[in-house]
$ cat target-v2.cif   # mmCIF, C-alpha atoms and all ligand atoms
data_coords
#
loop_
_atom_site.label_atom_id
_atom_site.label_comp_id
_atom_site.auth_asym_id
_atom_site.auth_seq_id
_atom_site.Cartn_x
_atom_site.Cartn_y
_atom_site.Cartn_z
CA MET A 129 304.01 -211.76 -63.29
CA SER A 130 304.74 -208.62 -61.34
CA ASP A 131 301.98 -206.35 -60.11
CA GLY A 132 304.51 -203.57 -59.81
CA SER A 133 304.24 -203.37 -56.04
CA GLU A 134 307.80 -204.46 -55.38
CA THR A 135 310.70 -202.29 -56.35
CA SER A 136 313.68 -204.51 -55.67
CA THR A 137 316.18 -204.75 -58.48
CA ALA A 138 316.25 -208.01 -60.45
CA GLN A 139 319.97 -207.63 -60.96
CA PRO A 140 321.70 -205.44 -58.40
CA LEU A 141 323.83 -202.59 -59.68
CA ASP A 142 327.49 -203.21 -59.28
CA GLU A 143 330.28 -200.68 -58.83
CA LYS A 144 331.47 -201.31 -62.40
CA ILE A 145 328.19 -200.06 -63.89
CA ILE A 146 328.08 -197.04 -61.57
CA GLU A 147 331.65 -196.22 -62.56
CA LEU A 148 330.77 -196.58 -66.25
CA LEU A 149 327.79 -194.24 -65.78
CA ARG A 150 329.99 -191.75 -63.93
CA LYS A 151 332.62 -191.61 -66.66
CA ALA A 152 330.45 -191.93 -69.77
CA LYS A 153 330.26 -189.00 -72.18
CA ARG A 154 327.57 -190.22 -74.59
CA VAL A 155 324.35 -191.57 -73.10
CA SER A 156 320.91 -192.16 -74.61
CA VAL A 157 317.58 -193.07 -73.07
CA LEU A 158 314.77 -194.83 -74.91
CA THR A 159 311.43 -194.36 -73.16
CA GLY A 160 307.96 -195.80 -73.58
CA ALA A 161 304.53 -195.37 -72.05
CA GLY A 162 305.76 -196.85 -68.71
CA VAL A 163 307.78 -193.71 -67.94
CA SER A 164 304.56 -191.65 -67.99
CA ALA A 165 302.36 -194.26 -66.25
CA GLU A 166 303.07 -192.76 -62.83
CA SER A 167 302.06 -189.34 -64.12
CA GLY A 168 298.61 -190.89 -64.55
CA ILE A 169 298.79 -191.45 -68.31
CA PRO A 170 297.69 -194.99 -69.15
CA THR A 171 300.02 -197.32 -71.07
CA PHE A 172 298.94 -198.90 -74.36
CA ARG A 173 299.01 -202.58 -73.59
CA GLY A 174 298.02 -204.84 -70.74
CA ALA A 175 295.22 -204.51 -68.21
CA GLY A 176 294.15 -200.87 -67.93
CA GLY A 177 295.99 -200.09 -71.18
CA ILE A 178 294.32 -197.87 -73.75
CA TRP A 179 293.85 -200.61 -76.37
CA ALA A 180 291.98 -202.83 -73.90
CA LYS A 181 289.16 -200.24 -73.97
CA TYR A 182 289.24 -198.63 -77.42
CA ASP A 183 289.37 -199.90 -80.99
CA TYR A 184 292.67 -198.73 -82.43
CA ARG A 185 291.44 -199.30 -86.01
CA LYS A 186 288.89 -196.51 -85.60
CA LEU A 187 291.11 -194.16 -83.61
CA ALA A 188 294.70 -194.64 -84.66
CA THR A 189 294.85 -195.56 -88.34
CA PRO A 190 294.70 -193.44 -91.52
CA ALA A 191 291.58 -195.40 -92.60
CA GLY A 192 289.82 -194.65 -89.29
CA PHE A 193 290.64 -190.95 -89.68
CA ALA A 194 289.39 -190.85 -93.29
CA GLU A 195 286.14 -192.43 -92.17
CA ASP A 196 285.45 -190.27 -89.11
CA PRO A 197 287.93 -187.44 -88.43
CA GLU A 198 285.68 -185.95 -85.78
CA LEU A 199 285.66 -189.14 -83.72
CA VAL A 200 289.46 -189.37 -83.94
CA TRP A 201 289.84 -185.73 -82.88
CA GLU A 202 287.40 -186.25 -79.98
CA TRP A 203 289.56 -189.08 -78.76
CA TYR A 204 292.76 -187.06 -79.06
CA GLN A 205 291.11 -184.22 -77.16
CA LEU A 206 290.26 -186.64 -74.39
CA ARG A 207 293.89 -187.69 -74.22
CA GLN A 208 295.08 -184.06 -74.38
CA ARG A 209 292.92 -183.26 -71.36
CA GLU A 210 294.43 -186.21 -69.46
CA ILE A 211 297.94 -185.10 -70.40
CA MET A 212 297.25 -181.47 -69.42
CA LYS A 213 296.38 -182.65 -65.90
CA ALA A 214 299.54 -184.78 -65.68
CA ARG A 215 302.93 -183.61 -64.46
CA PRO A 216 306.37 -185.06 -65.12
CA ASN A 217 307.22 -187.61 -62.40
CA ARG A 218 310.50 -188.43 -60.66
CA ALA A 219 311.61 -190.62 -63.57
CA HIS A 220 311.30 -187.69 -66.01
CA GLU A 221 313.15 -185.53 -63.47
CA ALA A 222 316.04 -188.01 -63.14
CA ILE A 223 316.31 -188.11 -66.96
CA SER A 224 316.43 -184.33 -67.03
CA LEU A 225 319.28 -184.31 -64.46
CA MET A 226 321.17 -186.72 -66.70
CA GLU A 227 321.02 -184.24 -69.58
CA ARG A 228 322.83 -181.67 -67.44
CA TYR A 229 325.55 -184.16 -66.50
CA TYR A 230 326.46 -185.76 -69.84
CA PRO A 231 328.15 -183.84 -72.67
CA GLU A 232 326.06 -185.77 -75.18
CA PHE A 233 322.65 -186.89 -74.06
CA THR A 234 319.62 -187.83 -76.12
CA VAL A 235 316.14 -188.84 -75.11
CA ILE A 236 314.46 -191.05 -77.70
CA THR A 237 310.81 -191.43 -76.83
CA GLN A 238 307.84 -193.33 -78.14
CA ASN A 239 305.58 -191.11 -76.06
CA ILE A 240 303.56 -188.34 -77.62
CA ASP A 241 302.75 -186.54 -74.37
CA GLY A 242 305.60 -183.98 -74.35
CA LEU A 243 306.44 -184.70 -70.67
CA HIS A 244 310.20 -184.95 -71.30
CA HIS A 245 310.19 -181.38 -72.60
CA ARG A 246 308.12 -180.27 -69.65
CA ALA A 247 310.66 -181.90 -67.31
CA GLY A 248 313.40 -179.77 -68.87
CA ASN A 249 315.01 -182.01 -71.50
CA SER A 250 315.99 -180.23 -74.69
CA THR A 251 317.27 -183.04 -76.92
CA VAL A 252 314.20 -185.23 -77.36
CA LEU A 253 313.65 -187.34 -80.46
CA GLU A 254 309.94 -188.05 -80.69
CA LEU A 255 309.62 -191.22 -82.73
CA HIS A 256 305.81 -191.23 -82.74
CA GLY A 257 305.15 -187.50 -82.96
CA ASN A 258 303.53 -185.17 -80.46
CA ILE A 259 299.91 -184.82 -79.42
CA TRP A 260 300.40 -181.02 -79.18
CA ARG A 261 300.98 -180.66 -82.90
CA MET A 262 298.80 -181.09 -85.99
CA ARG A 263 299.64 -181.25 -89.64
CA CYS A 264 298.24 -181.06 -93.14
CA ASP A 265 299.00 -183.99 -95.37
CA ARG A 266 298.39 -181.91 -98.51
CA ASP A 267 300.81 -179.01 -98.01
CA HIS A 268 302.78 -180.37 -95.00
CA ALA A 269 301.87 -177.39 -92.80
CA LEU A 270 302.69 -178.01 -89.11
CA MET A 271 300.92 -176.26 -86.26
CA ASP A 272 301.40 -176.36 -82.50
CA ILE A 273 298.37 -176.65 -80.21
CA SER A 274 298.53 -175.52 -76.60
CA GLU A 275 295.11 -176.77 -75.48
CA PRO A 276 292.22 -178.81 -76.85
CA LEU A 277 290.73 -177.04 -79.88
CA ASP A 278 287.33 -175.35 -79.80
CA HIS A 279 286.32 -176.66 -83.20
CA ILE A 280 287.02 -180.13 -84.52
CA PRO A 281 288.03 -181.33 -86.98
CA PRO A 282 290.38 -178.40 -87.64
CA ILE A 283 290.72 -177.20 -91.24
CA CYS A 284 293.96 -176.07 -92.88
CA GLN A 285 294.19 -172.84 -94.90
CA CYS A 286 294.31 -175.03 -97.99
CA GLY A 287 290.92 -176.52 -97.13
CA SER A 288 292.11 -180.01 -96.04
CA ILE A 289 291.30 -181.52 -92.68
CA LEU A 290 294.28 -181.31 -90.31
CA ARG A 291 295.33 -184.44 -88.43
CA PRO A 292 297.19 -185.01 -85.17
CA ASP A 293 300.95 -185.12 -85.90
CA VAL A 294 301.36 -188.60 -84.46
CA VAL A 295 302.36 -191.90 -86.02
CA TRP A 296 299.43 -194.28 -86.43
CA PHE A 297 299.34 -198.03 -86.90
CA GLY A 298 300.68 -199.02 -90.30
CA GLU A 299 302.51 -195.70 -90.82
CA SER A 300 306.24 -195.13 -91.09
CA LEU A 301 308.20 -193.14 -88.56
CA PRO A 302 309.57 -189.74 -89.63
CA THR A 303 312.83 -190.63 -91.42
CA ASP A 304 314.92 -187.75 -90.05
CA VAL A 305 313.94 -188.57 -86.45
CA LEU A 306 314.54 -192.28 -86.90
CA ASP A 307 317.94 -191.64 -88.53
CA ALA A 308 318.99 -189.38 -85.64
CA ALA A 309 317.77 -191.99 -83.12
CA SER A 310 319.67 -194.78 -84.88
CA ARG A 311 322.85 -192.68 -84.89
CA SER A 312 322.43 -191.90 -81.22
CA ALA A 313 321.81 -195.58 -80.42
CA SER A 314 324.90 -196.71 -82.35
CA GLU A 315 327.20 -194.07 -80.90
CA CYS A 316 326.20 -194.04 -77.23
CA GLU A 317 328.25 -195.77 -74.58
CA VAL A 318 325.17 -196.49 -72.49
CA MET A 319 321.52 -196.76 -73.40
CA PHE A 320 318.78 -196.82 -70.77
CA VAL A 321 315.58 -198.55 -71.93
CA VAL A 322 312.80 -197.34 -69.64
CA GLY A 323 309.14 -198.41 -69.45
CA THR A 324 308.73 -199.87 -72.89
CA SER A 325 307.37 -203.28 -73.79
CA ALA A 326 309.85 -203.15 -76.70
CA ILE A 327 307.55 -204.87 -79.14
CA VAL A 328 306.85 -201.92 -81.43
CA TYR A 329 309.40 -201.71 -84.25
CA PRO A 330 311.57 -199.96 -85.30
CA ALA A 331 311.90 -198.43 -81.80
CA ALA A 332 312.57 -201.88 -80.32
CA ALA A 333 315.58 -202.33 -82.61
CA LEU A 334 317.42 -199.27 -81.21
CA PRO A 335 318.89 -200.91 -78.08
CA VAL A 336 320.04 -203.78 -80.32
CA LEU A 337 322.06 -201.21 -82.29
CA THR A 338 323.66 -200.03 -79.04
CA LYS A 339 324.48 -203.58 -78.01
CA ASN A 340 325.91 -204.48 -81.43
CA SER A 341 328.10 -201.36 -81.36
CA GLY A 342 329.63 -202.40 -78.05
CA GLY A 343 327.51 -200.15 -75.81
CA CYS A 344 325.95 -201.09 -72.50
CA VAL A 345 322.15 -201.54 -72.26
CA ILE A 346 320.41 -200.91 -68.93
CA GLU A 347 316.72 -201.76 -68.76
CA VAL A 348 314.23 -200.36 -66.24
CA ASN A 349 310.80 -202.02 -66.28
CA LEU A 350 308.23 -203.59 -63.98
CA GLU A 351 308.43 -206.79 -65.99
CA PRO A 352 310.89 -208.71 -68.12
CA THR A 353 310.74 -207.89 -71.86
CA ASP A 354 312.65 -209.00 -74.94
CA VAL A 355 315.32 -206.44 -74.02
CA THR A 356 315.93 -208.36 -70.77
CA THR A 357 317.41 -211.24 -72.78
CA TYR A 358 320.37 -209.14 -73.96
CA ALA A 359 320.53 -206.19 -71.53
CA ASP A 360 323.71 -205.85 -69.47
CA VAL A 361 321.60 -204.88 -66.48
CA SER A 362 317.85 -205.26 -65.88
CA LEU A 363 316.41 -203.21 -63.05
CA ARG A 364 312.98 -204.33 -61.96
CA GLY A 365 310.69 -201.72 -60.47
CA ARG A 366 308.96 -198.44 -60.97
CA ALA A 367 310.90 -196.01 -63.14
CA SER A 368 310.11 -193.19 -60.69
CA GLU A 369 311.92 -195.06 -57.92
CA VAL A 370 314.65 -196.95 -59.75
CA LEU A 371 316.01 -194.03 -61.81
CA PRO A 372 316.37 -191.46 -58.98
CA GLU A 373 317.99 -194.15 -56.79
CA LEU A 374 320.43 -195.05 -59.53
CA TRP A 375 321.19 -191.41 -60.30
CA THR A 376 321.94 -190.69 -56.65
CA ALA A 377 324.46 -193.55 -56.69
CA VAL A 378 326.13 -192.02 -59.77
CA VAL A 379 326.45 -188.47 -58.50
CA ASN A 380 327.00 -189.24 -54.79
CA PRO A 381 329.60 -192.02 -54.66
CA GLU A 382 329.40 -192.25 -50.87
CA SER A 383 325.69 -193.08 -51.07
CA PHE A 384 326.39 -196.26 -52.98
CA ILE A 385 326.69 -199.22 -50.65
CA LYS A 386 327.96 -202.38 -52.23
N1 LIG B 1 302.40 -191.33 -72.65
C1 LIG B 1 302.27 -191.51 -73.96
O1 LIG B 1 302.55 -190.64 -74.76
C2 LIG B 1 301.77 -192.86 -74.43
C3 LIG B 1 300.83 -193.55 -73.69
C4 LIG B 1 300.39 -194.81 -74.17
C5 LIG B 1 300.94 -195.34 -75.32
N2 LIG B 1 301.87 -194.66 -76.05
C6 LIG B 1 302.38 -195.36 -77.26
O2 LIG B 1 302.69 -196.76 -76.92
C7 LIG B 1 303.44 -197.36 -77.97
C8 LIG B 1 304.70 -198.21 -77.58
O3 LIG B 1 304.49 -198.95 -76.59
P1 LIG B 1 305.31 -198.70 -75.26
O4 LIG B 1 306.35 -199.75 -75.18
O5 LIG B 1 305.68 -197.27 -75.15
O6 LIG B 1 304.17 -198.95 -74.21
P2 LIG B 1 303.45 -200.29 -73.75
O7 LIG B 1 302.13 -199.89 -73.19
O8 LIG B 1 303.48 -201.31 -74.83
O9 LIG B 1 304.40 -200.83 -72.58
C9 LIG B 1 304.57 -200.17 -71.37
C10 LIG B 1 305.73 -200.83 -70.64
O10 LIG B 1 306.02 -200.05 -69.49
C11 LIG B 1 306.17 -200.91 -68.37
N3 LIG B 1 305.77 -200.10 -67.21
C12 LIG B 1 304.50 -199.75 -66.83
N4 LIG B 1 304.54 -198.94 -65.75
C13 LIG B 1 305.86 -198.80 -65.43
C14 LIG B 1 306.56 -198.08 -64.42
N5 LIG B 1 305.90 -197.34 -63.50
N6 LIG B 1 307.91 -198.13 -64.38
C15 LIG B 1 308.60 -198.87 -65.29
N7 LIG B 1 307.99 -199.58 -66.28
C16 LIG B 1 306.65 -199.53 -66.35
C17 LIG B 1 305.30 -202.12 -68.64
O11 LIG B 1 305.75 -203.26 -67.94
C18 LIG B 1 305.45 -202.27 -70.16
O12 LIG B 1 306.58 -203.06 -70.48
C19 LIG B 1 303.94 -196.23 -78.74
O13 LIG B 1 303.29 -196.24 -79.98
C20 LIG B 1 303.58 -194.96 -77.95
O14 LIG B 1 303.42 -193.90 -78.86
C21 LIG B 1 302.30 -193.43 -75.61
ZN ZN B 2 296.92 -177.63 -95.92
#

$ encode --input "target-v2.cif" --output "structure tokens" --more "lines below"
Ligand SMILES: NC(=O)c1ccc[n+]([C@@H]2O[C@H](COP(=O)([O-])OP(=O)(O)OC[C@H]3O[C@@H](n4cnc5c(N)ncnc54)[C@H](O)[C@@H]3O)[C@@H](O)[C@H]2O)c1
Ligand SMILES: [Zn+2]
Amino acid sequence: MSDGSETSTAQPLDEKIIELLRKAKRVSVLTGAGVSAESGIPTFRGAGGIWAKYDYRKLATPAGFAEDPELVWEWYQLRQREIMKARPNRAHEAISLMERYYPEFTVITQNIDGLHHRAGNSTVLELHGNIWRMRCDRDHALMDISEPLDHIPPICQCGSILRPDVVWFGESLPTDVLDAASRSASECEVMFVVGTSAIVYPAAALPVLTKNSGGCVIEVNLEPTDVTTYADVSLRGRASEVLPELWTAVVNPESFIK
């Protein structure tokens, strides 16, 4: 198992892939917690992951929220404070440069931290919601939050308790977002899969759609995952190092040494 200290690529990039990336018109990126790990936001699984320390049943399920909304909000405030301190890292920046290069470019993210927007991306499909939004399940009101709230739990005008607008365990993903993500995955020529353990469905099925539609799948992760078994290229290392290096090879042909 990798401790993430090495950054060498498991499968070196070849000129064919660089050429494909240079000429492609439709590119998508699926990101997970690993893309934000180097911004100081902990991942979900594994040592140091959030669920090694906290009980997800109390904090990230509808039943947990019904039982103790204040506790759930306290926890989300803790995470909001962590996210406020964080900045987009070089992986987010490389992904934002890609958006300027490709005519059609979509970020599909499982992250709720909003860092892709902060890095400058405009087309971001948030599969699991956003920690900077809350909603009312009674009248479907949606509200943005810019900083941790003074009073929790927040109450809607209709009198119901507002909840974080994120997808919890056992809940379905927003249909419109998932449909747009599936379309993007089926239609793209290349999909990058960055920093996701690819075990949470339906997000994990998206690169399979790309592959089955004849697209190329490029994985970037510290460790092998299920995606590694069918990816065209698997790049092993930190997203903040691998992606900028790869992007330099795409936009500066002379920098790419075979
Ligand atoms: N930043 C966030 O918003 C955030 C944080 C934690 C969890 N989540 C949630 O986690 C769930 C999905 O799991 P997931 O797959 O996104 O996360 P995960 O914790 O299951 O997996 C993280 C993956 O990233 C890899 N990784 C870690 N550091 C990396 C780095 N520097 N460079 C490249 N790869 C790295 C790990 O090897 C692992 O495969 C979603 O429900 C998502 O909402 C989001
Ligand atoms: Zn309401």

$ residues_near_point --input "target-v2.cif" --point "(302.4, -187.3, -78.7)" --cutoff "7 Å" --atoms "only C-alpha atoms" --output "PDB file with C-alpha atoms, in the frame of the given file"
ATOM      1  CA  ASN A 239     305.580-191.110 -76.060  1.00  0.00           C
ATOM      2  CA  ILE A 240     303.560-188.340 -77.620  1.00  0.00           C
ATOM      3  CA  ASP A 241     302.750-186.540 -74.370  1.00  0.00           C
ATOM      4  CA  GLY A 242     305.600-183.980 -74.350  1.00  0.00           C
ATOM      5  CA  HIS A 256     305.810-191.230 -82.740  1.00  0.00           C
ATOM      6  CA  GLY A 257     305.150-187.500 -82.960  1.00  0.00           C
ATOM      7  CA  ASN A 258     303.530-185.170 -80.460  1.00  0.00           C
ATOM      8  CA  ILE A 259     299.910-184.820 -79.420  1.00  0.00           C
ATOM      9  CA  TRP A 260     300.400-181.020 -79.180  1.00  0.00           C
ATOM     10  CA  VAL A 294     301.360-188.600 -84.460  1.00  0.00           C
TER      11      VAL A 294
END

$ closest_residue --input "target-v2.cif" --among "A:Leu301, A:Ala247, A:Leu158, A:Val328" --to "Glu347 of chain A" --atoms "all atoms listed in the file"
A:Leu158

$ closest_atom_pairs --input "target-v2.cif" --of "chain A" --to "ligand LIG 1 (chain B)" --cutoff "6 Å" --atoms "all atoms listed in the file" --output "Markdown table"
| residue | atom | partner | partner_atom | distance |
| --- | --- | --- | --- | --- |
| A:Gly160 | CA | B:LIG1 | O5 | 3.1 |
| A:Ala161 | CA | B:LIG1 | O5 | 3.8 |
| A:Gly162 | CA | B:LIG1 | O10 | 3.3 |
| A:Val163 | CA | B:LIG1 | N6 | 5.7 |
| A:Ser164 | CA | B:LIG1 | N1 | 5.1 |
| A:Ala165 | CA | B:LIG1 | N4 | 5.2 |
| A:Glu166 | CA | B:LIG1 | N5 | 5.4 |
| A:Ile169 | CA | B:LIG1 | N1 | 5.6 |
| A:Pro170 | CA | B:LIG1 | C4 | 5.7 |
| A:Thr171 | CA | B:LIG1 | O7 | 3.9 |
| A:Phe172 | CA | B:LIG1 | O7 | 3.5 |
| A:Arg173 | CA | B:LIG1 | O7 | 4.1 |
| A:Gln238 | CA | B:LIG1 | O14 | 4.5 |
| A:Asn239 | CA | B:LIG1 | O1 | 3.3 |
| A:Ile240 | CA | B:LIG1 | O1 | 3.8 |
| A:Asp241 | CA | B:LIG1 | O1 | 4.1 |
| A:His256 | CA | B:LIG1 | O14 | 5.3 |
| A:Gly323 | CA | B:LIG1 | O10 | 3.5 |
| A:Thr324 | CA | B:LIG1 | O4 | 3.3 |
| A:Ser325 | CA | B:LIG1 | O12 | 3.4 |
| A:Ala326 | CA | B:LIG1 | O4 | 5.1 |
| A:Val328 | CA | B:LIG1 | C8 | 5.8 |
| A:Val348 | CA | B:LIG1 | C15 | 5.9 |
| A:Asn349 | CA | B:LIG1 | N7 | 3.7 |
| A:Leu350 | CA | B:LIG1 | N7 | 4.6 |
| A:Glu351 | CA | B:LIG1 | O11 | 4.8 |
| A:Gly365 | CA | B:LIG1 | C15 | 6.0 |
| A:Arg366 | CA | B:LIG1 | N6 | 3.6 |
| A:Ala367 | CA | B:LIG1 | N6 | 3.9 |

$ residues_near_ligand --input "target-v2.cif" --ligand "ligand ZN 2 (chain B)" --cutoff "8 Å" --atoms "all atoms listed in the file" --output "VMD selection string"
chain A and resid 263 to 269 283 to 290

$ write_last_selection --input "target-v2.cif" --atoms "C-alpha atoms" --output "mmCIF file, in the frame of the given file"
data_model
loop_
_atom_site.group_PDB
_atom_site.id
_atom_site.type_symbol
_atom_site.label_atom_id
_atom_site.label_comp_id
_atom_site.auth_asym_id
_atom_site.auth_seq_id
_atom_site.Cartn_x
_atom_site.Cartn_y
_atom_site.Cartn_z
ATOM 1 C CA ARG A 263 299.640 -181.250 -89.640
ATOM 2 C CA CYS A 264 298.240 -181.060 -93.140
ATOM 3 C CA ASP A 265 299.000 -183.990 -95.370
ATOM 4 C CA ARG A 266 298.390 -181.910 -98.510
ATOM 5 C CA ASP A 267 300.810 -179.010 -98.010
ATOM 6 C CA HIS A 268 302.780 -180.370 -95.000
ATOM 7 C CA ALA A 269 301.870 -177.390 -92.800
ATOM 8 C CA ILE A 283 290.720 -177.200 -91.240
ATOM 9 C CA CYS A 284 293.960 -176.070 -92.880
ATOM 10 C CA GLN A 285 294.190 -172.840 -94.900
ATOM 11 C CA CYS A 286 294.310 -175.030 -97.990
ATOM 12 C CA GLY A 287 290.920 -176.520 -97.130
ATOM 13 C CA SER A 288 292.110 -180.010 -96.040
ATOM 14 C CA ILE A 289 291.300 -181.520 -92.680
ATOM 15 C CA LEU A 290 294.280 -181.310 -90.310
#

$ atom_distance --input "target-v2.cif" --atom1 "atom CA of Asn249 of chain A" --atom2 "atom CA of Val235 of chain A"
7.8 Å

$ axis_aligned_box --input "target-v2.cif" --around "segment 240-249 of chain A" --padding-each-side "5 Å" --output "AutoDock Vina command-line options"
--center_x 308.9 --center_y -184.1 --center_z -72.5 --size_x 22.3 --size_y 18.6 --size_z 20.3

$ residues_around --input "target-v2.cif" --residues "segment 219-231 of chain A" --least-positions-apart "5" --cutoff "9 Å" --atoms "all atoms listed in the file" --output "PyMOL selection string"
chain A and resi 152-155+157+163-164+166+243-251+366-372+375

$ write_last_selection --input "target-v2.cif" --atoms "C-alpha atoms" --output "CSV table (one decimal), keeping the file's coordinate frame"
chain,number,residue,atom,x,y,z
A,152,ALA,CA,330.4,-191.9,-69.8
A,153,LYS,CA,330.3,-189.0,-72.2
A,154,ARG,CA,327.6,-190.2,-74.6
A,155,VAL,CA,324.4,-191.6,-73.1
A,157,VAL,CA,317.6,-193.1,-73.1
A,163,VAL,CA,307.8,-193.7,-67.9
A,164,SER,CA,304.6,-191.6,-68.0
A,166,GLU,CA,303.1,-192.8,-62.8
A,243,LEU,CA,306.4,-184.7,-70.7
A,244,HIS,CA,310.2,-185.0,-71.3
A,245,HIS,CA,310.2,-181.4,-72.6
A,246,ARG,CA,308.1,-180.3,-69.6
A,247,ALA,CA,310.7,-181.9,-67.3
A,248,GLY,CA,313.4,-179.8,-68.9
A,249,ASN,CA,315.0,-182.0,-71.5
A,250,SER,CA,316.0,-180.2,-74.7
A,251,THR,CA,317.3,-183.0,-76.9
A,366,ARG,CA,309.0,-198.4,-61.0
A,367,ALA,CA,310.9,-196.0,-63.1
A,368,SER,CA,310.1,-193.2,-60.7
A,369,GLU,CA,311.9,-195.1,-57.9
A,370,VAL,CA,314.6,-197.0,-59.8
A,371,LEU,CA,316.0,-194.0,-61.8
A,372,PRO,CA,316.4,-191.5,-59.0
A,375,TRP,CA,321.2,-191.4,-60.3

$ atom_distance --input "target-v2.cif" --atom1 "atom CA of Asp272 of chain A" --atom2 "atom CA of Leu253 of chain A"
16.6 Å

$ residues_around --input "target-v2.cif" --residues "Glu147 of chain A" --least-positions-apart "2" --cutoff "12 Å" --atoms "all atoms listed in the file" --output "number ranges by chain"
A: 141-145, 149-152, 318, 374-375, 377-381, 384

$ atom_distance --input "target-v2.cif" --atom1 "atom CA of Val361 of chain A" --atom2 "atom CA of Pro216 of chain A"
25.0 Å

$ closest_residue --input "target-v2.cif" --among "A:Gln208, A:Ser312, A:Thr303, A:Thr234" --to "Arg261 of chain A" --atoms "all atoms listed in the file"
A:Gln208

$ closest_residue --input "target-v2.cif" --among "A:Leu270, A:Leu306, A:Ile346, A:Ile211" --to "Arg364 of chain A" --atoms "only C-alpha atoms"
A:Ile346

$ build_atoms --input "target-v2.cif" --residues "segment 273-285 of chain A" --atoms "N, CA, C and O atoms" --output "PDB file, keeping the file's coordinate frame"
ATOM      1  N   ILE A 273     299.635-176.872 -80.922  1.00  0.00           N
ATOM      2  CA  ILE A 273     298.370-176.650 -80.210  1.00  0.00           C
ATOM      3  C   ILE A 273     298.722-176.556 -78.734  1.00  0.00           C
ATOM      4  O   ILE A 273     299.508-177.373 -78.247  1.00  0.00           O
ATOM      5  N   SER A 274     298.181-175.601 -78.023  1.00  0.00           N
ATOM      6  CA  SER A 274     298.530-175.520 -76.600  1.00  0.00           C
ATOM      7  C   SER A 274     297.418-176.078 -75.712  1.00  0.00           C
ATOM      8  O   SER A 274     297.633-176.406 -74.560  1.00  0.00           O
ATOM      9  N   GLU A 275     296.219-176.182 -76.255  1.00  0.00           N
ATOM     10  CA  GLU A 275     295.110-176.770 -75.480  1.00  0.00           C
ATOM     11  C   GLU A 275     294.105-177.373 -76.456  1.00  0.00           C
ATOM     12  O   GLU A 275     294.168-177.097 -77.660  1.00  0.00           O
ATOM     13  N   PRO A 276     293.184-178.200 -75.939  1.00  0.00           N
ATOM     14  CA  PRO A 276     292.220-178.810 -76.850  1.00  0.00           C
ATOM     15  C   PRO A 276     291.489-177.752 -77.678  1.00  0.00           C
ATOM     16  O   PRO A 276     291.134-176.689 -77.171  1.00  0.00           O
ATOM     17  N   LEU A 277     291.301-178.029 -78.958  1.00  0.00           N
ATOM     18  CA  LEU A 277     290.730-177.040 -79.880  1.00  0.00           C
ATOM     19  C   LEU A 277     289.241-176.829 -79.614  1.00  0.00           C
ATOM     20  O   LEU A 277     288.547-177.733 -79.144  1.00  0.00           O
ATOM     21  N   ASP A 278     288.761-175.625 -79.949  1.00  0.00           N
ATOM     22  CA  ASP A 278     287.330-175.350 -79.800  1.00  0.00           C
ATOM     23  C   ASP A 278     286.514-176.038 -80.879  1.00  0.00           C
ATOM     24  O   ASP A 278     285.401-176.492 -80.630  1.00  0.00           O
ATOM     25  N   HIS A 279     287.083-176.074 -82.090  1.00  0.00           N
ATOM     26  CA  HIS A 279     286.320-176.660 -83.200  1.00  0.00           C
ATOM     27  C   HIS A 279     287.087-177.835 -83.798  1.00  0.00           C
ATOM     28  O   HIS A 279     288.255-177.695 -84.157  1.00  0.00           O
ATOM     29  N   ILE A 280     286.403-178.962 -83.881  1.00  0.00           N
ATOM     30  CA  ILE A 280     287.020-180.130 -84.520  1.00  0.00           C
ATOM     31  C   ILE A 280     286.086-180.663 -85.609  1.00  0.00           C
ATOM     32  O   ILE A 280     284.877-180.514 -85.472  1.00  0.00           O
ATOM     33  N   PRO A 281     286.605-181.260 -86.657  1.00  0.00           N
ATOM     34  CA  PRO A 281     288.030-181.330 -86.980  1.00  0.00           C
ATOM     35  C   PRO A 281     288.548-179.991 -87.494  1.00  0.00           C
ATOM     36  O   PRO A 281     287.822-179.270 -88.162  1.00  0.00           O
ATOM     37  N   PRO A 282     289.818-179.672 -87.176  1.00  0.00           N
ATOM     38  CA  PRO A 282     290.380-178.400 -87.640  1.00  0.00           C
ATOM     39  C   PRO A 282     290.670-178.438 -89.145  1.00  0.00           C
ATOM     40  O   PRO A 282     291.000-179.500 -89.690  1.00  0.00           O
ATOM     41  N   ILE A 283     290.535-177.281 -89.791  1.00  0.00           N
ATOM     42  CA  ILE A 283     290.720-177.200 -91.240  1.00  0.00           C
ATOM     43  C   ILE A 283     291.942-176.319 -91.543  1.00  0.00           C
ATOM     44  O   ILE A 283     292.092-175.239 -90.962  1.00  0.00           O
ATOM     45  N   CYS A 284     292.766-176.809 -92.448  1.00  0.00           N
ATOM     46  CA  CYS A 284     293.960-176.070 -92.880  1.00  0.00           C
ATOM     47  C   CYS A 284     293.541-174.919 -93.797  1.00  0.00           C
ATOM     48  O   CYS A 284     292.462-174.944 -94.387  1.00  0.00           O
ATOM     49  N   GLN A 285     294.450-173.949 -93.959  1.00  0.00           N
ATOM     50  CA  GLN A 285     294.190-172.840 -94.900  1.00  0.00           C
ATOM     51  C   GLN A 285     293.899-173.341 -96.300  1.00  0.00           C
ATOM     52  O   GLN A 285     293.186-172.701 -97.063  1.00  0.00           O
TER      53      GLN A 285
END
